[in-house]
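Novice: Input structure: query19.pdb, which contains PDB, C-alpha atoms.
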```pdb
ATOM      1  CA  MET L   7     103.357  83.681 118.101  1.00  0.00           C
ATOM      2  CA  VAL L   8     103.672  81.612 114.955  1.00  0.00           C
ATOM      3  CA  ASP L   9     101.529  82.796 112.037  1.00  0.00           C
ATOM      4  CA  ARG L  10      99.049  80.397 110.479  1.00  0.00           C
ATOM      5  CA  VAL L  11      99.282  82.257 107.159  1.00  0.00           C
ATOM      6  CA  THR L  12     102.187  84.235 105.694  1.00  0.00           C
ATOM      7  CA  ALA L  13     102.998  85.786 102.310  1.00  0.00           C
ATOM      8  CA  THR L  14     106.081  85.981 100.139  1.00  0.00           C
ATOM      9  CA  PRO L  15     107.471  89.355  99.050  1.00  0.00           C
ATOM     10  CA  ALA L  16     105.985  88.733  95.574  1.00  0.00           C
ATOM     11  CA  ALA L  17     102.533  88.140  97.081  1.00  0.00           C
ATOM     12  CA  LEU L  18     102.826  91.251  99.248  1.00  0.00           C
ATOM     13  CA  ALA L  19     103.801  93.310  96.184  1.00  0.00           C
ATOM     14  CA  LEU L  20     100.773  92.036  94.232  1.00  0.00           C
ATOM     15  CA  ILE L  21      98.511  92.732  97.210  1.00  0.00           C
ATOM     16  CA  ALA L  22      99.816  96.318  97.252  1.00  0.00           C
ATOM     17  CA  VAL L  23      98.951  96.675  93.544  1.00  0.00           C
ATOM     18  CA  LEU L  24      95.444  95.311  94.137  1.00  0.00           C
ATOM     19  CA  LYS L  25      94.897  97.634  97.110  1.00  0.00           C
ATOM     20  CA  GLN L  26      96.026 100.608  95.027  1.00  0.00           C
ATOM     21  CA  LYS L  27      93.660  99.653  92.187  1.00  0.00           C
ATOM     22  CA  HIS L  28      90.629  98.471  94.190  1.00  0.00           C
ATOM     23  CA  GLY L  29      91.032 100.158  97.573  1.00  0.00           C
ATOM     24  CA  PRO L  30      91.833  98.710 100.990  1.00  0.00           C
ATOM     25  CA  ASP L  31      88.534  96.869 101.572  1.00  0.00           C
ATOM     26  CA  LEU L  32      89.701  93.494 100.243  1.00  0.00           C
ATOM     27  CA  PHE L  33      90.026  90.037 101.758  1.00  0.00           C
ATOM     28  CA  PHE L  34      91.249  86.540 100.937  1.00  0.00           C
ATOM     29  CA  HIS L  35      89.395  83.255 101.039  1.00  0.00           C
ATOM     30  CA  GLN L  36      91.076  79.926 100.362  1.00  0.00           C
ATOM     31  CA  SER L  37      88.911  78.273  97.729  1.00  0.00           C
ATOM     32  CA  GLY L  38      87.724  74.749  98.426  1.00  0.00           C
ATOM     33  CA  GLY L  39      88.624  73.400  95.006  1.00  0.00           C
ATOM     34  CA  CYS L  40      85.444  73.608  92.951  1.00  0.00           C
ATOM     35  CA  CYS L  41      86.129  76.321  90.379  1.00  0.00           C
ATOM     36  CA  GLU L  42      89.368  77.731  91.753  1.00  0.00           C
ATOM     37  CA  ASN L  43      91.293  74.474  92.267  1.00  0.00           C
ATOM     38  CA  SER L  44      91.992  75.220  95.943  1.00  0.00           C
ATOM     39  CA  ALA L  45      93.521  78.611  95.237  1.00  0.00           C
ATOM     40  CA  PRO L  46      93.681  81.627  97.528  1.00  0.00           C
ATOM     41  CA  CYS L  47      91.287  84.204  96.074  1.00  0.00           C
ATOM     42  CA  CYS L  48      91.283  87.939  96.698  1.00  0.00           C
ATOM     43  CA  PHE L  49      87.853  89.581  96.726  1.00  0.00           C
ATOM     44  CA  LEU L  50      86.274  92.984  97.177  1.00  0.00           C
ATOM     45  CA  ALA L  51      84.223  93.278 100.358  1.00  0.00           C
ATOM     46  CA  GLY L  52      80.739  91.934  99.663  1.00  0.00           C
ATOM     47  CA  GLU L  53      81.711  89.694  96.734  1.00  0.00           C
ATOM     48  CA  LEU L  54      81.706  86.631  98.966  1.00  0.00           C
ATOM     49  CA  THR L  55      79.931  86.245 102.276  1.00  0.00           C
ATOM     50  CA  ILE L  56      82.126  85.304 105.213  1.00  0.00           C
ATOM     51  CA  GLY L  57      80.014  83.258 107.555  1.00  0.00           C
ATOM     52  CA  PRO L  58      80.199  81.600 110.955  1.00  0.00           C
ATOM     53  CA  TYR L  59      81.824  78.495 109.451  1.00  0.00           C
ATOM     54  CA  ASP L  60      84.780  80.406 108.018  1.00  0.00           C
ATOM     55  CA  VAL L  61      88.020  80.524 110.010  1.00  0.00           C
ATOM     56  CA  HIS L  62      90.122  83.707 110.114  1.00  0.00           C
ATOM     57  CA  LEU L  63      93.684  82.405 109.835  1.00  0.00           C
ATOM     58  CA  GLY L  64      95.337  85.803 110.097  1.00  0.00           C
ATOM     59  CA  ASP L  65      96.191  88.721 107.847  1.00  0.00           C
ATOM     60  CA  ILE L  66      98.555  89.083 104.903  1.00  0.00           C
ATOM     61  CA  GLY L  67      99.444  92.461 103.494  1.00  0.00           C
ATOM     62  CA  GLY L  68      96.941  93.982 105.909  1.00  0.00           C
ATOM     63  CA  LEU L  69      94.074  91.885 104.487  1.00  0.00           C
ATOM     64  CA  PRO L  70      92.169  89.187 106.386  1.00  0.00           C
ATOM     65  CA  PHE L  71      92.578  85.601 105.176  1.00  0.00           C
ATOM     66  CA  TYR L  72      89.759  83.063 105.644  1.00  0.00           C
ATOM     67  CA  MET L  73      89.134  79.380 104.998  1.00  0.00           C
ATOM     68  CA  SER L  74      86.015  77.275 105.458  1.00  0.00           C
ATOM     69  CA  GLN L  75      85.890  75.288 108.707  1.00  0.00           C
ATOM     70  CA  THR L  76      85.667  71.950 106.872  1.00  0.00           C
ATOM     71  CA  GLN L  77      88.725  72.727 104.750  1.00  0.00           C
ATOM     72  CA  TYR L  78      90.540  74.070 107.805  1.00  0.00           C
ATOM     73  CA  GLU L  79      90.214  70.658 109.455  1.00  0.00           C
ATOM     74  CA  TYR L  80      92.474  69.255 106.716  1.00  0.00           C
ATOM     75  CA  TRP L  81      94.954  72.161 106.756  1.00  0.00           C
ATOM     76  CA  LYS L  82      95.099  73.134 110.439  1.00  0.00           C
ATOM     77  CA  HIS L  83      98.427  71.360 111.030  1.00  0.00           C
ATOM     78  CA  THR L  84     100.107  73.465 108.357  1.00  0.00           C
ATOM     79  CA  GLN L  85     101.359  76.987 107.965  1.00  0.00           C
ATOM     80  CA  LEU L  86     100.160  78.453 104.678  1.00  0.00           C
ATOM     81  CA  THR L  87     102.475  80.655 102.630  1.00  0.00           C
ATOM     82  CA  ILE L  88     100.773  82.640  99.897  1.00  0.00           C
ATOM     83  CA  ASP L  89     102.952  83.087  96.835  1.00  0.00           C
ATOM     84  CA  VAL L  90     102.489  84.339  93.249  1.00  0.00           C
ATOM     85  CA  ILE L  91     102.978  82.557  89.936  1.00  0.00           C
ATOM     86  CA  ASP L  92     102.582  83.635  86.314  1.00  0.00           C
ATOM     87  CA  SER L  93      99.176  82.491  85.096  1.00  0.00           C
ATOM     88  CA  GLN L  94      96.649  83.301  82.390  1.00  0.00           C
ATOM     89  CA  ALA L  95      93.953  81.129  83.970  1.00  0.00           C
ATOM     90  CA  ASP L  96      90.411  82.382  84.409  1.00  0.00           C
ATOM     91  CA  SER L  97      89.694  83.152  88.025  1.00  0.00           C
ATOM     92  CA  PHE L  98      87.225  84.870  90.319  1.00  0.00           C
ATOM     93  CA  SER L  99      90.178  86.418  92.151  1.00  0.00           C
ATOM     94  CA  LEU L 100      91.029  90.089  91.597  1.00  0.00           C
ATOM     95  CA  GLU L 101      94.558  89.419  90.331  1.00  0.00           C
ATOM     96  CA  SER L 102      93.491  87.340  87.313  1.00  0.00           C
ATOM     97  CA  PRO L 103      93.712  90.239  84.785  1.00  0.00           C
ATOM     98  CA  THR L 104      97.346  90.856  85.830  1.00  0.00           C
ATOM     99  CA  GLY L 105      98.665  87.591  84.379  1.00  0.00           C
ATOM    100  CA  LYS L 106      99.527  86.495  87.910  1.00  0.00           C
ATOM    101  CA  ALA L 107      97.829  84.137  90.329  1.00  0.00           C
ATOM    102  CA  PHE L 108      98.089  83.614  94.058  1.00  0.00           C
ATOM    103  CA  LEU L 109      99.215  80.126  95.064  1.00  0.00           C
ATOM    104  CA  THR L 110      99.199  78.405  98.455  1.00  0.00           C
ATOM    105  CA  ARG L 111     102.267  76.551  99.654  1.00  0.00           C
ATOM    106  CA  SER L 112     102.266  74.803 103.015  1.00  0.00           C
ATOM    107  CA  ARG L 113     104.466  73.155 105.588  1.00  0.00           C
ATOM    108  CA  LEU L 114     103.668  71.224 108.742  1.00  0.00           C
ATOM    109  CA  PHE L 115     103.987  73.132 111.975  1.00  0.00           C
ATOM    110  CA  THR L 116     106.813  71.977 114.205  1.00  0.00           C
ATOM    111  CA  ASP L 117     105.822  70.341 117.487  1.00  0.00           C
ATOM    112  CA  ALA L 118     106.787  73.529 119.337  1.00  0.00           C
ATOM    113  CA  GLU L 119     104.723  75.716 116.982  1.00  0.00           C
ATOM    114  CA  TRP L 120     101.734  73.388 117.269  1.00  0.00           C
ATOM    115  CA  ALA L 121     101.957  73.486 121.076  1.00  0.00           C
ATOM    116  CA  GLU L 122     102.120  77.301 120.947  1.00  0.00           C
ATOM    117  CA  LEU L 123      98.995  77.462 118.772  1.00  0.00           C
ATOM    118  CA  GLN L 124      97.166  75.012 121.044  1.00  0.00           C
ATOM    119  CA  ALA L 125      98.123  76.983 124.153  1.00  0.00           C
ATOM    120  CA  ALA L 126      96.745  80.136 122.532  1.00  0.00           C
ATOM    121  CA  GLY L 127      93.478  78.361 121.643  1.00  0.00           C
ATOM    122  CA  LEU L 128      94.059  78.850 117.901  1.00  0.00           C
ATOM    123  CA  VAL L 129      93.511  75.251 116.728  1.00  0.00           C
TER
END
```
Write the structure described by the file as structure tokens, please.
Specialist:
Amino acid sequence: MVDRVTATPAALALIAVLKQKHGPDLFFHQSGGCCENSAPCCFLAGELTIGPYDVHLGDIGGLPFYMSQTQYEYWKHTQLTIDVIDSQADSFSLESPTGKAFLTRSRLFTDAEWAELQAAGLV
């Protein structure tokens, strides 16, 4: 099955650092663009409420990754790849003190991948 969200080795390494520092009870939510400029944010459990209108896209580094349903409607035809860049920007995400930031890259699913996702009821 094709993954709807993946992570680069750099992102997986940063996730491992965050899990070591903060514990395993973390999750990601793709920001909608208000304060975080549509960035993937890593949170401690309880810092952000995941509700019925959030879509679980999959897991990266053993952590669940969510996106709001309305934003998902724009992104559902794409596979998200979470990467890391150097950044000193202020952020709500746990990695901001590290001088790094998670970044979302995307590509359109192939026709075969899209059909596979549809057949599995994942779109």
Novice: Run the PyMOL selection byres ((chain L and resi 17-33) around 7) mentally over the shown coordinates, then write out the matched residues as a PyMOL selection string, using the chain letters and numbers from the document.
Specialist: chain L and resi 13-16+34-35+48-51+67+69-71+88-90
Novice: Write to file, as a CSV table (one decimal), keeping the file's coordinate frame, the residues of the selection just made, with C-alpha atoms.
Specialist:
```csv
chain,number,residue,atom,x,y,z
L,13,ALA,CA,103.0,85.8,102.3
L,14,THR,CA,106.1,86.0,100.1
L,15,PRO,CA,107.5,89.4,99.0
L,16,ALA,CA,106.0,88.7,95.6
L,34,PHE,CA,91.2,86.5,100.9
L,35,HIS,CA,89.4,83.3,101.0
L,48,CYS,CA,91.3,87.9,96.7
L,49,PHE,CA,87.9,89.6,96.7
L,50,LEU,CA,86.3,93.0,97.2
L,51,ALA,CA,84.2,93.3,100.4
L,67,GLY,CA,99.4,92.5,103.5
L,69,LEU,CA,94.1,91.9,104.5
L,70,PRO,CA,92.2,89.2,106.4
L,71,PHE,CA,92.6,85.6,105.2
L,88,ILE,CA,100.8,82.6,99.9
L,89,ASP,CA,103.0,83.1,96.8
L,90,VAL,CA,102.5,84.3,93.2
```
Novice: Extract, using all atoms listed in the file, all DNA, RNA and protein residues at most 10 Å from Thr76 (chain L), discarding same-chain residues fewer than 6 positions from it, and format them as a tab-separated table (two decimals) with C-alpha atoms, keeping the file's coordinate frame.
Specialist:
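Contents of selection.tsv, as written:
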```tsv
chain	number	residue	atom	x	y	z
L	38	GLY	CA	87.72	74.75	98.43
L	59	TYR	CA	81.82	78.50	109.45
L	60	ASP	CA	84.78	80.41	108.02
L	61	VAL	CA	88.02	80.52	110.01
```
Novice: Under the rule that all atoms listed in the file are counted, which of L:Thr55, L:Thr84, L:Ser74, L:Gln94 is the nearest residue to Thr110 (chain L)?
Specialist: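 Under the stated criterion, the closest residue is L:Thr84.
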Novice: Can I get the residues of region 7-99 of chain L within 8 Å of region 117-124 of chain L, each with the closest pair of atoms and their distance in Å to one decimal, using only C-alpha atoms, sorted chain first then ascending number, as a tab-separated table?
Specialist:
```
residue	atom	partner	partner_atom	distance
L:Met7	CA	L:Glu122	CA	7.1
L:Val8	CA	L:Glu119	CA	6.3
L:His83	CA	L:Trp120	CA	7.3
```
Novice: In terms of the shortest atom-to-atom distance over only C-alpha atoms, which of L:Thr12, L:Ser37, L:Ser99, L:Ala125 is closest to Gln75 (chain L)?
Specialist: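 Counting only C-alpha atoms, the residue closest to Gln75 (chain L) is L:Ser37.
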Novice: The PyMOL selection byres ((chain L and resi 11) around 6) - which residues does that actually catch in the file I just gave you? List them as number ranges by chain.
Specialist: L: 9-10, 12, 85-87
Novice: Write out as AutoDock Vina command-line options an axis-aligned box for region 68-71 of chain L: all of its atoms listed in the file, 6 Å added on each side, centre and edge lengths in Å with one decimal.
Specialist:
```
--center_x 94.6 --center_y 89.8 --center_z 105.4 --size_x 16.8 --size_y 20.4 --size_z 13.9
```
Novice: Nearest to Ser97 (chain L): which of L:Pro46, L:Gln77, L:Gly68, L:Glu53 is it, counting only C-alpha atoms?
Specialist: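 Between L:Pro46, L:Gln77, L:Gly68, L:Glu53, the residue approaching Ser97 (chain L) most closely is L:Pro46.
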Novice: Between L:Trp81, L:Leu128, L:Gln36, L:Cys47, which one has atoms that come closest to Glu101 (chain L), using all atoms listed in the file?
Specialist: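 So, comparing all the options, the nearest one is L:Cys47.
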Novice: Find the distance between CA of Thr116 (chain L) and CA of Gly64 (chain L) and write it in Å to one decimal.
Specialist: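 CA of Gly64 (chain L) lies at a distance of 18.4 Å from CA of Thr116 (chain L).
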Novice: Separation of CA of Ala107 (chain L) and CA of Ile66 (chain L), in Å?
Specialist: 15.4 Å
Novice: Quote the spacing between CA of His62 (chain L) and CA of Lys82 (chain L) in Å to one decimal place.
Specialist: 11.7 Å
Novice: Considering only C-alpha atoms, can you say which of L:Leu109, L:Thr104, L:Gly127, L:Ile56 comes closest to Met73 (chain L)?
Specialist: L:Ile56
